[in-house]
>>> print(open('data-v4.cif').read())   # mmCIF, C-alpha atoms
data_structure
loop_
_atom_site.label_atom_id
_atom_site.label_comp_id
_atom_site.auth_asym_id
_atom_site.auth_seq_id
_atom_site.Cartn_x
_atom_site.Cartn_y
_atom_site.Cartn_z
CA MET O 1 20.20 11.12 23.06
CA LEU O 2 21.20 9.31 19.88
CA SER O 3 24.60 10.07 18.37
CA PRO O 4 27.23 8.16 16.40
CA ARG O 5 29.86 6.37 18.44
CA LYS O 6 32.63 7.12 15.98
CA VAL O 7 32.80 9.27 12.85
CA LYS O 8 35.20 9.54 9.95
CA HIS O 9 34.82 13.31 9.57
CA ARG O 10 34.00 15.69 12.42
CA MET O 11 32.23 18.18 10.15
CA VAL O 12 30.46 17.61 6.85
CA GLN O 13 28.98 19.75 4.10
CA LYS O 14 25.38 20.86 4.25
CA GLY O 15 24.03 18.85 1.31
CA ARG O 16 20.64 19.17 -0.35
CA MET O 17 17.38 17.32 0.29
CA ARG O 18 16.03 16.51 -3.14
CA ARG O 19 13.32 14.07 -4.17
CA LYS O 20 11.55 11.56 -1.96
CA ALA O 21 12.70 8.84 0.42
CA TYR O 22 12.39 5.68 -1.65
CA ARG O 23 14.14 3.74 1.09
CA GLY O 24 12.73 3.50 4.58
CA SER O 25 9.29 4.48 3.35
CA ASP O 26 7.39 1.27 4.16
CA LEU O 27 6.17 -0.09 7.46
CA GLU O 28 8.59 -2.89 8.37
CA PHE O 29 8.04 -3.67 12.05
CA GLY O 30 4.88 -2.27 13.57
CA ASP O 31 1.22 -1.91 12.67
CA PHE O 32 1.21 1.88 12.62
CA GLY O 33 3.79 4.47 11.64
CA LEU O 34 4.54 8.16 11.51
CA GLN O 35 5.64 9.28 8.06
CA ALA O 36 7.26 12.58 7.08
CA THR O 37 5.54 14.39 4.21
CA GLU O 38 8.10 17.18 3.99
CA CYS O 39 11.88 17.28 4.16
CA GLY O 40 14.03 18.62 6.95
CA PHE O 41 16.68 17.94 9.55
CA MET O 42 15.50 16.06 12.62
CA SER O 43 17.83 16.69 15.53
CA ALA O 44 18.66 14.11 18.20
CA ARG O 45 16.72 16.24 20.71
CA GLN O 46 13.64 16.23 18.49
CA ILE O 47 13.90 12.46 17.97
CA GLU O 48 14.04 12.02 21.74
CA ALA O 49 11.23 14.51 22.44
CA ALA O 50 8.91 12.80 19.97
CA ARG O 51 9.84 9.37 21.35
CA ILE O 52 9.02 10.52 24.89
CA ALA O 53 5.69 11.92 23.68
CA ILE O 54 4.81 8.54 22.15
CA THR O 55 5.91 6.46 25.18
CA ARG O 56 4.10 8.72 27.63
CA HIS O 57 0.89 8.49 25.70
CA ALA O 58 1.17 4.75 25.10
CA LYS O 59 2.05 4.29 28.80
CA LYS O 60 3.13 0.69 29.31
CA GLY O 61 1.54 -0.69 26.16
CA GLY O 62 3.12 -1.22 22.81
CA LYS O 63 6.55 -1.51 21.31
CA ILE O 64 8.17 1.40 19.51
CA TRP O 65 10.75 1.46 16.76
CA ILE O 66 12.74 4.56 15.82
CA ARG O 67 13.48 4.41 12.08
CA VAL O 68 15.84 7.40 11.83
CA PHE O 69 19.30 7.96 13.25
CA PRO O 70 21.02 11.35 13.62
CA ASP O 71 24.35 10.75 11.89
CA LYS O 72 24.98 14.17 10.35
CA PRO O 73 26.86 16.82 12.36
CA ILE O 74 25.55 20.36 12.04
CA THR O 75 27.73 23.37 12.84
CA LYS O 76 26.81 26.94 13.75
CA LYS O 77 28.77 30.15 14.04
CA PRO O 78 28.38 32.10 17.28
CA ALA O 79 26.07 35.13 17.31
CA GLU O 80 27.44 38.46 16.10
CA THR O 81 30.44 36.88 14.43
CA ARG O 82 31.88 38.15 11.16
CA MET O 83 31.88 35.74 8.24
CA GLY O 84 35.01 33.76 7.48
CA LYS O 85 37.60 32.44 9.94
CA GLY O 86 36.70 28.87 9.19
CA LYS O 87 33.74 26.62 9.79
CA GLY O 88 31.54 27.11 12.85
CA ASN O 89 31.43 24.96 15.94
CA PHE O 90 29.57 21.67 16.27
CA GLU O 91 25.94 22.29 17.22
CA ALA O 92 23.87 19.13 16.91
CA TRP O 93 23.48 15.69 15.39
CA VAL O 94 20.65 15.51 12.88
CA ALA O 95 18.95 12.93 10.70
CA VAL O 96 18.23 13.95 7.11
CA VAL O 97 14.54 13.32 6.49
CA LYS O 98 12.99 13.32 3.03
CA PRO O 99 9.27 13.12 2.22
CA GLY O 100 8.01 9.57 2.66
CA ARG O 101 10.44 8.55 5.37
CA ILE O 102 8.97 6.50 8.22
CA LEU O 103 10.12 8.03 11.50
CA TYR O 104 8.51 5.83 14.15
CA GLU O 105 6.56 2.60 14.21
CA ILE O 106 4.43 1.17 16.98
CA GLU O 107 2.87 -2.23 17.64
CA GLY O 108 0.66 -3.65 20.37
CA VAL O 109 -1.71 -0.69 20.75
CA ASP O 110 -5.06 0.12 19.14
CA LYS O 111 -5.37 2.49 16.20
CA LYS O 112 -6.92 5.34 18.15
CA LEU O 113 -4.14 5.36 20.74
CA ALA O 114 -1.44 5.15 18.06
CA GLN O 115 -3.03 8.02 16.14
CA GLU O 116 -3.09 10.27 19.19
CA ALA O 117 0.47 9.30 20.23
CA PHE O 118 1.77 10.13 16.74
CA ARG O 119 -0.22 13.38 16.65
CA LEU O 120 1.54 14.46 19.84
CA ALA O 121 4.91 13.33 18.47
CA GLY O 122 4.31 15.21 15.22
CA HIS O 123 4.06 18.46 17.15
CA LYS O 124 7.68 18.05 18.28
CA LEU O 125 8.98 17.87 14.72
CA PRO O 126 10.01 20.61 12.31
CA PHE O 127 8.09 19.21 9.30
CA ALA O 128 4.64 17.90 8.47
CA THR O 129 3.90 14.26 9.16
CA LYS O 130 1.09 11.82 8.57
CA PHE O 131 -0.23 8.71 10.23
CA LEU O 132 0.23 5.43 8.40
CA SER O 133 -1.40 2.11 9.16
CA ARG O 134 -0.66 -1.29 7.70
CA SER O 135 -4.28 -1.87 6.71
CA SER O 136 -4.27 1.28 4.54
CA MET X 1 -6.97 -20.02 -6.25
CA ALA X 2 -9.01 -17.89 -8.62
CA THR X 3 -7.17 -15.94 -11.28
CA MET X 4 -8.06 -12.44 -12.44
CA GLN X 5 -8.03 -11.16 -15.96
CA LEU X 6 -5.71 -8.23 -16.59
CA ASP X 7 -6.22 -6.28 -19.83
CA THR X 8 -3.18 -4.51 -21.17
CA THR X 9 -2.00 -2.62 -24.20
CA ILE X 10 1.48 -2.53 -25.66
CA ARG X 11 3.37 0.74 -25.24
CA THR X 12 6.23 1.77 -27.45
CA GLN X 13 7.66 4.85 -25.79
CA THR X 14 10.11 4.61 -22.92
CA GLY X 15 11.47 7.07 -20.38
CA LYS X 16 10.06 9.21 -17.63
CA GLY X 17 8.28 11.71 -19.91
CA PRO X 18 6.05 9.16 -21.69
CA ALA X 19 5.62 7.27 -18.39
CA ARG X 20 4.36 10.41 -16.66
CA ARG X 21 2.00 11.15 -19.55
CA LEU X 22 0.63 7.61 -19.25
CA ARG X 23 0.06 8.01 -15.52
CA SER X 24 -1.72 11.32 -15.97
CA ALA X 25 -4.01 9.62 -18.51
CA GLY X 26 -5.05 7.05 -15.91
CA LYS X 27 -2.72 4.29 -17.12
CA LEU X 28 0.09 2.49 -15.37
CA PRO X 29 3.36 1.56 -17.11
CA ALA X 30 4.32 -2.08 -16.73
CA ILE X 31 6.72 -4.62 -18.14
CA PHE X 32 6.11 -8.28 -18.89
CA TYR X 33 8.90 -10.85 -18.98
CA GLY X 34 9.64 -14.44 -18.16
CA PRO X 35 12.32 -17.11 -18.32
CA LYS X 36 11.45 -17.90 -21.95
CA THR X 37 9.88 -14.61 -22.99
CA ASP X 38 11.44 -11.41 -24.22
CA PRO X 39 10.42 -8.29 -22.27
CA ILE X 40 7.30 -6.50 -23.56
CA MET X 41 6.43 -2.99 -22.41
CA LEU X 42 2.79 -2.66 -21.45
CA SER X 43 0.36 -0.18 -20.02
CA LEU X 44 -2.44 -1.15 -17.62
CA ASP X 45 -5.61 0.53 -16.53
CA TYR X 46 -4.77 2.12 -13.18
CA GLU X 47 -8.22 1.77 -11.62
CA GLN X 48 -8.47 -1.89 -12.66
CA ILE X 49 -5.18 -2.90 -11.04
CA LYS X 50 -5.91 -0.77 -7.96
CA LYS X 51 -9.24 -2.54 -7.46
CA MET X 52 -7.61 -5.96 -7.97
CA LEU X 53 -4.86 -5.34 -5.43
CA LYS X 54 -7.01 -3.70 -2.77
CA GLY X 55 -6.54 -5.53 0.55
CA LYS X 56 -4.46 -8.27 -1.05
CA SER X 57 -0.81 -9.15 -1.17
CA ALA X 58 0.36 -8.26 -4.69
CA GLU X 59 2.82 -11.15 -4.78
CA SER X 60 0.27 -13.90 -4.23
CA ILE X 61 -2.15 -13.27 -7.10
CA ILE X 62 -2.08 -15.01 -10.47
CA PHE X 63 -3.33 -12.93 -13.37
CA ASP X 64 -4.51 -13.94 -16.84
CA LEU X 65 -2.65 -11.40 -18.91
CA MET X 66 -4.42 -10.32 -22.11
CA ILE X 67 -2.37 -8.23 -24.50
CA ASP X 68 -4.50 -6.26 -26.95
CA SER X 69 -2.45 -7.00 -30.03
CA ASP X 70 -2.53 -10.71 -29.32
CA GLU X 71 -4.52 -11.89 -32.36
CA LYS X 72 -5.11 -15.37 -31.03
CA GLY X 73 -6.52 -13.95 -27.82
CA GLN X 74 -4.37 -16.28 -25.74
CA SER X 75 -3.82 -15.29 -22.17
CA LYS X 76 -0.59 -15.70 -20.27
CA LYS X 77 -0.33 -16.63 -16.60
CA VAL X 78 1.61 -13.95 -14.76
CA MET X 79 2.41 -12.82 -11.25
CA ILE X 80 3.56 -9.48 -9.94
CA LYS X 81 7.30 -9.66 -9.43
CA GLU X 82 7.74 -6.07 -8.26
CA ILE X 83 5.47 -3.13 -7.72
CA GLN X 84 6.79 0.41 -7.34
CA ARG X 85 4.84 2.94 -5.30
CA ASP X 86 5.13 6.61 -4.51
CA PRO X 87 6.41 6.85 -0.93
CA VAL X 88 4.10 9.71 0.06
CA THR X 89 0.90 9.29 -1.96
CA ARG X 90 1.18 5.46 -2.05
CA ASP X 91 0.09 5.52 -5.71
CA TYR X 92 1.37 2.75 -7.97
CA LEU X 93 4.15 3.86 -10.33
CA HIS X 94 5.20 0.73 -12.20
CA VAL X 95 4.54 -3.00 -12.22
CA ASP X 96 6.77 -5.93 -13.23
CA LEU X 97 4.74 -8.90 -14.51
CA TYR X 98 6.51 -12.25 -14.54
CA GLU X 99 5.34 -15.19 -16.61
CA ILE X 100 4.90 -18.41 -14.67
CA ALA X 101 4.60 -22.03 -15.72
CA MET X 102 1.55 -23.73 -14.18
CA GLU X 103 3.33 -27.07 -14.00
CA LYS X 104 6.40 -25.73 -12.18
CA GLU X 105 6.83 -24.94 -8.50
CA LEU X 106 6.91 -21.28 -7.44
CA GLU X 107 8.76 -19.60 -4.60
CA VAL X 108 6.65 -16.78 -3.21
CA ASN X 109 6.22 -14.75 -0.05
CA ILE X 110 2.78 -15.11 1.49
CA PRO X 111 1.49 -12.73 4.19
CA VAL X 112 0.84 -14.16 7.64
CA TYR X 113 -2.16 -12.89 9.62
CA LEU X 114 -2.53 -13.50 13.33
CA ILE X 115 -6.08 -14.30 14.39
CA ASN X 116 -7.69 -14.28 17.86
CA THR X 117 -6.35 -12.58 20.97
CA PRO X 118 -3.65 -14.44 22.89
CA ILE X 119 -4.19 -15.29 26.58
CA GLY X 120 -1.03 -13.30 27.37
CA VAL X 121 -2.45 -10.10 25.88
CA SER X 122 -5.55 -10.25 28.08
CA GLU X 123 -3.14 -10.58 31.03
CA GLY X 124 -1.30 -7.42 30.00
CA GLY X 125 1.37 -8.75 27.63
CA ILE X 126 2.25 -7.31 24.22
CA LEU X 127 1.84 -9.40 21.08
CA GLN X 128 4.78 -8.98 18.72
CA HIS X 129 4.37 -10.04 15.11
CA MET X 130 7.93 -10.90 14.13
CA ARG X 131 7.48 -12.30 10.61
CA ARG X 132 4.70 -10.85 8.52
CA GLU X 133 5.59 -12.83 5.39
CA LEU X 134 6.69 -16.39 4.87
CA GLY X 135 8.61 -17.76 1.93
CA VAL X 136 6.86 -20.85 0.57
CA LEU X 137 7.30 -23.28 -2.28
CA CYS X 138 4.13 -24.43 -4.02
CA MET X 139 2.46 -25.24 -7.30
CA PRO X 140 0.55 -22.27 -8.76
CA LYS X 141 -2.78 -24.08 -8.30
CA ASP X 142 -2.13 -24.42 -4.55
CA LEU X 143 -1.28 -20.76 -4.03
CA VAL X 144 -3.19 -18.99 -1.26
CA ASP X 145 -3.42 -15.24 -0.67
CA LYS X 146 -2.73 -15.44 3.08
CA ILE X 147 -1.92 -17.80 5.93
CA ASP X 148 -4.04 -17.40 9.07
CA VAL X 149 -2.31 -18.32 12.30
CA ASP X 150 -4.28 -18.82 15.51
CA VAL X 151 -2.40 -17.24 18.41
CA SER X 152 -5.11 -17.64 21.06
CA GLY X 153 -3.02 -20.15 23.05
CA LEU X 154 0.02 -17.89 23.53
CA ASP X 155 0.79 -16.85 27.10
CA ILE X 156 3.31 -14.25 28.25
CA GLY X 157 6.81 -15.40 27.34
CA GLN X 158 5.61 -17.94 24.79
CA SER X 159 6.40 -17.85 21.08
CA LEU X 160 5.01 -19.37 17.93
CA HIS X 161 7.51 -20.75 15.41
CA ILE X 162 7.19 -21.72 11.77
CA GLU X 163 7.24 -25.40 12.76
CA ASP X 164 4.15 -24.84 14.94
CA ILE X 165 1.86 -23.64 12.16
CA SER X 166 -0.08 -25.85 9.81
CA PHE X 167 0.42 -24.83 6.20
CA PRO X 168 -2.41 -25.12 3.69
CA PRO X 169 -2.11 -28.28 1.54
CA GLY X 170 0.60 -28.10 -1.11
CA LEU X 171 2.67 -25.39 0.61
CA LYS X 172 6.18 -25.98 1.91
CA SER X 173 8.18 -23.47 3.89
CA THR X 174 11.49 -22.43 2.40
CA GLU X 175 12.63 -20.87 5.65
CA ASP X 176 14.26 -22.18 8.79
CA LEU X 177 11.50 -23.88 10.79
CA SER X 178 12.83 -22.57 14.09
CA LEU X 179 12.17 -18.92 13.15
CA THR X 180 9.67 -17.08 15.32
CA ILE X 181 6.42 -15.78 13.85
CA ALA X 182 4.86 -14.19 16.92
CA THR X 183 5.63 -13.83 20.58
CA VAL X 184 3.90 -12.37 23.61
CA VAL X 185 6.26 -10.35 25.76
CA ALA X 186 5.78 -8.92 29.22
CA PRO X 187 5.07 -5.18 29.24
CA THR X 188 8.05 -3.00 30.09
CA ILE X 189 7.13 -0.79 33.01
CA THR X 190 9.11 2.37 32.49
CA ALA X 191 9.67 4.87 35.24
CA GLU X 192 8.90 8.48 34.33
CA GLU X 193 11.80 9.35 32.12
CA GLU X 194 13.81 12.40 32.79
CA GLU X 195 15.18 14.31 29.90
CA VAL X 196 18.91 14.31 30.18
CA GLU X 197 20.36 17.60 29.16
CA GLU X 198 23.34 17.04 26.97
CA THR X 199 26.44 19.00 27.81
CA GLU X 200 27.73 21.24 25.11
CA GLY X 201 30.84 20.43 23.11
CA GLU X 202 30.16 16.78 22.66
CA GLU X 203 33.30 14.80 22.10
CA ILE X 204 33.60 13.13 18.77
CA GLU X 205 35.92 10.22 18.43
CA GLY X 206 37.52 8.88 15.35
CA GLU X 207 39.39 11.80 13.92
CA LYS X 208 43.08 11.96 14.43
CA GLU X 209 44.38 15.18 15.74
CA SER X 210 46.88 16.60 13.31
#
>>> encode(input="data-v4.cif", output="structure tokens")
Amino acid sequence: MLSPRKVKHRMVQKGRMRRKAYRGSDLEFGDFGLQATECGFMSARQIEAARIAITRHAKKGGKIWIRVFPDKPITKKPAETRMGKGKGNFEAWVAVVKPGRILYEIEGVDKKLAQEAFRLAGHKLPFATKFLSRSS
Amino acid sequence: MATMQLDTTIRTQTGKGPARRLRSAGKLPAIFYGPKTDPIMLSLDYEQIKKMLKGKSAESIIFDLMIDSDEKGQSKKVMIKEIQRDPVTRDYLHVDLYEIAMEKELEVNIPVYLINTPIGVSEGGILQHMRRELGVLCMPKDLVDKIDVDVSGLDIGQSLHIEDISFPPGLKSTEDLSLTIATVVAPTITAEEEEVEETEGEEIEGEKES
């Protein structure tokens, strides 16, 4: 799974997801892309699950690009714990996704196959997505 | 290359409020400037510009700009320098129009389209389009809206470089001629991947223990 090799701070503040993704919102590499239309955290496990869904559907064809990287550590307190006593334990690496962000791109497959692969990948994600093609 | 006439009106109000009101009225805020011209704030008809740009590269079109208050009715030759779009709806938000001199060379990016199916793809390879735009130097009259590149001869493992393509007359590449435009790679046969379960308490490097 994807994770940073080295970080400056082990834990970070939650932050807010405001506005749209004006960067990383255009197709740069492939012919087709999967674009987020809502905001949310995309965990390293979800990135991997969606990637596997795409590769399995595309079989040997096509080249895939992952356009997000999980560089934000998320913490969680154990169940049935009273508040306080410091920040919770590390839980997962997530990527902050804002509406408009391109998540995956694919090249070398036809439109129908790409659409179905991205539909399957979209089901692994915690926010709504849409299919994007270069011709549109 | 044929030019298109773009009708505009001068706008006086600035800021996001007036800009949003313009957009909701079916107009598009724009700005016009050039090396010898002071910036002029304009508004365009949204449907007109949308129709003009449909299926075309915005950077490779020359417009005849008509400003309504221009008493002499003289048009100015302009190109789109920058176009801002909404990331989700893909609607246009703002356009930068740049005045060009017809007797001076331009540096523009022109889209590259690959035509025909390479031999390598019919043998199972994957065609990778590495550079979708090429920087070229040309006179405005020689400007083309796209460069078609025939890739039918590419076999698996072969690549097409900038030096291999024939540019339309009057166009010179501003980029390194050895750069790759397209390549056909062998398919990667992946074994059924197993999901590796990550152990809990992942170690994070980089922070000094105090």
>>> resolve_selection(input="data-v4.cif", expression="the PyMOL selection byres ((chain X and resi 10-18) around 6)", output="MDAnalysis selection string")
chainID X and resid 9 19:21 41:42
>>> atom_distance(input="data-v4.cif", atom1="CA of Arg90 in chain X", atom2="CA of Tyr22 in chain O")
11.2 Å
>>> axis_aligned_box(input="data-v4.cif", around="range 82-86 of chain O", padding_each_side="8 Å", output="lines of an AutoDock Vina configuration file")
center_x = 34.7
center_y = 33.5
center_z = 9.3
size_x = 21.7
size_y = 25.3
size_z = 19.7
>>> resolve_selection(input="data-v4.cif", expression="the PyMOL selection byres ((chain O and resi 43) around 6)", output="number ranges by chain")
O: 42, 44-46, 93-94
>>> atom_distance(input="data-v4.cif", atom1="CA of Gln5 in chain X", atom2="CA of Ile62 in chain X")
9.0 Å
>>> atom_distance(input="data-v4.cif", atom1="CA of Asp148 in chain X", atom2="CA of Leu114 in chain X")
6.0 Å
>>> resolve_selection(input="data-v4.cif", expression="the PyMOL selection byres ((chain X and resi 58) around 9)", output="PyMOL selection string")
chain X and resi 52-54+56-57+59-61+79-83+145
>>> closest_atom_pairs(input="data-v4.cif", of="range 59-102 of chain O", to="range 176-189 of chain X", cutoff="9 Å", atoms="all atoms listed in the file", output="Markdown table")
| residue | atom | partner | partner_atom | distance |
| --- | --- | --- | --- | --- |
| O:Lys59 | CA | X:Ile189 | CA | 8.3 |
| O:Lys60 | CA | X:Ile189 | CA | 5.6 |
| O:Gly61 | CA | X:Pro187 | CA | 6.5 |
| O:Gly62 | CA | X:Pro187 | CA | 7.8 |
| O:Lys63 | CA | X:Pro187 | CA | 8.9 |
>>> closest_residue(input="data-v4.cif", among="O:Gly15, O:Pro70, O:Gly108, O:Gly40", to="Leu2 in chain O", atoms="all atoms listed in the file")
O:Pro70
>>> closest_atom_pairs(input="data-v4.cif", of="chain O", to="chain X", cutoff="9 Å", atoms="all atoms listed in the file", output="Markdown table")
| residue | atom | partner | partner_atom | distance |
| --- | --- | --- | --- | --- |
| O:Met1 | CA | X:Glu198 | CA | 7.8 |
| O:Pro4 | CA | X:Ile204 | CA | 8.4 |
| O:Arg5 | CA | X:Glu205 | CA | 7.2 |
| O:Lys6 | CA | X:Glu205 | CA | 5.1 |
| O:Val7 | CA | X:Gly206 | CA | 5.4 |
| O:Lys8 | CA | X:Gly206 | CA | 5.9 |
| O:His9 | CA | X:Glu207 | CA | 6.5 |
| O:Arg10 | CA | X:Glu207 | CA | 6.8 |
| O:Lys20 | CA | X:Pro87 | CA | 7.0 |
| O:Ala21 | CA | X:Pro87 | CA | 6.7 |
| O:Tyr22 | CA | X:Pro87 | CA | 6.1 |
| O:Arg23 | CA | X:Pro87 | CA | 8.6 |
| O:Ser25 | CA | X:Pro87 | CA | 5.7 |
| O:Asp26 | CA | X:Pro87 | CA | 7.6 |
| O:Glu28 | CA | X:Arg132 | CA | 8.9 |
| O:Phe29 | CA | X:Met130 | CA | 7.5 |
| O:Gly30 | CA | X:His129 | CA | 7.9 |
| O:Gln35 | CA | X:Val88 | CA | 8.2 |
| O:Ala36 | CA | X:Val88 | CA | 8.2 |
| O:Thr37 | CA | X:Val88 | CA | 6.4 |
| O:Glu48 | CA | X:Glu195 | CA | 8.6 |
| O:Ala49 | CA | X:Glu195 | CA | 8.4 |
| O:Ile52 | CA | X:Glu193 | CA | 7.8 |
| O:Thr55 | CA | X:Thr190 | CA | 9.0 |
| O:Arg56 | CA | X:Glu192 | CA | 8.2 |
| O:Lys59 | CA | X:Thr190 | CA | 8.2 |
| O:Lys60 | CA | X:Ile189 | CA | 5.6 |
| O:Gly61 | CA | X:Pro187 | CA | 6.5 |
| O:Gly62 | CA | X:Ile126 | CA | 6.3 |
| O:Lys63 | CA | X:Ile126 | CA | 7.8 |
| O:Asn89 | CA | X:Gly201 | CA | 8.5 |
| O:Phe90 | CA | X:Gly201 | CA | 7.1 |
| O:Glu91 | CA | X:Gly201 | CA | 7.9 |
| O:Ala92 | CA | X:Glu202 | CA | 8.8 |
| O:Pro99 | CA | X:Val88 | CA | 6.6 |
| O:Gly100 | CA | X:Val88 | CA | 4.7 |
| O:Arg101 | CA | X:Pro87 | CA | 7.7 |
| O:Glu107 | CA | X:Gln128 | CA | 7.1 |
| O:Gly108 | CA | X:Ile126 | CA | 5.5 |
| O:Val109 | CA | X:Ile126 | CA | 8.5 |
| O:Ser135 | CA | X:Gly55 | CA | 7.5 |
| O:Ser136 | CA | X:Gly55 | CA | 8.2 |
>>> residues_near_point(input="data-v4.cif", point="(22.0, 13.3, 8.6)", cutoff="8 Å", atoms="all atoms listed in the file", output="PyMOL selection string")
chain O and resi 41+69-73+93-97
>>> residues_around(input="data-v4.cif", residues="Asp7 in chain X", least_positions_apart="5", cutoff="7 Å", atoms="all atoms listed in the file", output="list in words")
Leu44, Leu65, Met66 and Ile67 of chain X
>>> residues_around(input="data-v4.cif", residues="Ala58 in chain O", least_positions_apart="4", cutoff="9 Å", atoms="only C-alpha atoms", output="PyMOL selection string")
chain O and resi 53-54+62+109+113-114+117
>>> residues_around(input="data-v4.cif", residues="Pro140 in chain X", least_positions_apart="4", cutoff="8 Å", atoms="only C-alpha atoms", output="JSON, numbers by chain")
{"X": [62, 102, 103, 104, 105, 106]}
>>> write_last_selection(input="data-v4.cif", atoms="C-alpha atoms", output="CSV table (one decimal), in the coordinates of the input")
chain,number,residue,atom,x,y,z
X,62,ILE,CA,-2.1,-15.0,-10.5
X,102,MET,CA,1.6,-23.7,-14.2
X,103,GLU,CA,3.3,-27.1,-14.0
X,104,LYS,CA,6.4,-25.7,-12.2
X,105,GLU,CA,6.8,-24.9,-8.5
X,106,LEU,CA,6.9,-21.3,-7.4
>>> residues_around(input="data-v4.cif", residues="Asp142 in chain X", least_positions_apart="4", cutoff="8 Å", atoms="only C-alpha atoms", output="list of chain:residue names")
X:Met1, X:Cys138, X:Pro169, X:Gly170, X:Leu171
>>> build_atoms(input="data-v4.cif", residues="range 113-118 of chain O", atoms="all heavy atoms", output="PDB file, in the coordinates of the input")
ATOM      1  N   LEU O 113      -5.240   4.955  19.849  1.00  0.00           N
ATOM      2  CA  LEU O 113      -4.140   5.360  20.740  1.00  0.00           C
ATOM      3  C   LEU O 113      -2.893   5.702  19.930  1.00  0.00           C
ATOM      4  O   LEU O 113      -2.214   6.692  20.209  1.00  0.00           O
ATOM      5  CB  LEU O 113      -3.855   4.219  21.720  1.00  0.00           C
ATOM      6  CG  LEU O 113      -3.003   4.581  22.929  1.00  0.00           C
ATOM      7  CD1 LEU O 113      -3.522   3.884  24.150  1.00  0.00           C
ATOM      8  CD2 LEU O 113      -1.549   4.252  22.734  1.00  0.00           C
ATOM      9  N   ALA O 114      -2.617   4.903  18.908  1.00  0.00           N
ATOM     10  CA  ALA O 114      -1.440   5.150  18.060  1.00  0.00           C
ATOM     11  C   ALA O 114      -1.578   6.480  17.337  1.00  0.00           C
ATOM     12  O   ALA O 114      -0.615   7.256  17.249  1.00  0.00           O
ATOM     13  CB  ALA O 114      -1.294   4.013  17.058  1.00  0.00           C
ATOM     14  N   GLN O 115      -2.789   6.770  16.853  1.00  0.00           N
ATOM     15  CA  GLN O 115      -3.030   8.020  16.140  1.00  0.00           C
ATOM     16  C   GLN O 115      -2.765   9.231  17.040  1.00  0.00           C
ATOM     17  O   GLN O 115      -2.109  10.191  16.634  1.00  0.00           O
ATOM     18  CB  GLN O 115      -4.500   8.059  15.685  1.00  0.00           C
ATOM     19  CG  GLN O 115      -4.638   7.990  14.194  1.00  0.00           C
ATOM     20  CD  GLN O 115      -6.057   7.754  13.753  1.00  0.00           C
ATOM     21  OE1 GLN O 115      -6.901   7.314  14.520  1.00  0.00           O
ATOM     22  NE2 GLN O 115      -6.312   8.032  12.499  1.00  0.00           N
ATOM     23  N   GLU O 116      -3.260   9.141  18.260  1.00  0.00           N
ATOM     24  CA  GLU O 116      -3.090  10.270  19.190  1.00  0.00           C
ATOM     25  C   GLU O 116      -1.615  10.398  19.599  1.00  0.00           C
ATOM     26  O   GLU O 116      -1.096  11.517  19.676  1.00  0.00           O
ATOM     27  CB  GLU O 116      -3.999  10.033  20.417  1.00  0.00           C
ATOM     28  CG  GLU O 116      -3.942  11.114  21.476  1.00  0.00           C
ATOM     29  CD  GLU O 116      -4.340  12.507  20.989  1.00  0.00           C
ATOM     30  OE1 GLU O 116      -4.927  12.620  19.894  1.00  0.00           O
ATOM     31  OE2 GLU O 116      -4.037  13.488  21.689  1.00  0.00           O
ATOM     32  N   ALA O 117      -0.953   9.263  19.843  1.00  0.00           N
ATOM     33  CA  ALA O 117       0.470   9.300  20.230  1.00  0.00           C
ATOM     34  C   ALA O 117       1.295   9.933  19.113  1.00  0.00           C
ATOM     35  O   ALA O 117       2.173  10.770  19.376  1.00  0.00           O
ATOM     36  CB  ALA O 117       0.956   7.889  20.519  1.00  0.00           C
ATOM     37  N   PHE O 118       1.005   9.578  17.862  1.00  0.00           N
ATOM     38  CA  PHE O 118       1.770  10.130  16.740  1.00  0.00           C
ATOM     39  C   PHE O 118       1.394  11.589  16.474  1.00  0.00           C
ATOM     40  O   PHE O 118       2.218  12.352  15.987  1.00  0.00           O
ATOM     41  CB  PHE O 118       1.573   9.274  15.487  1.00  0.00           C
ATOM     42  CG  PHE O 118       2.353   7.986  15.523  1.00  0.00           C
ATOM     43  CD1 PHE O 118       1.867   6.827  14.929  1.00  0.00           C
ATOM     44  CD2 PHE O 118       3.593   7.911  16.133  1.00  0.00           C
ATOM     45  CE1 PHE O 118       2.586   5.638  14.954  1.00  0.00           C
ATOM     46  CE2 PHE O 118       4.320   6.728  16.167  1.00  0.00           C
ATOM     47  CZ  PHE O 118       3.817   5.597  15.586  1.00  0.00           C
TER      48      PHE O 118
END
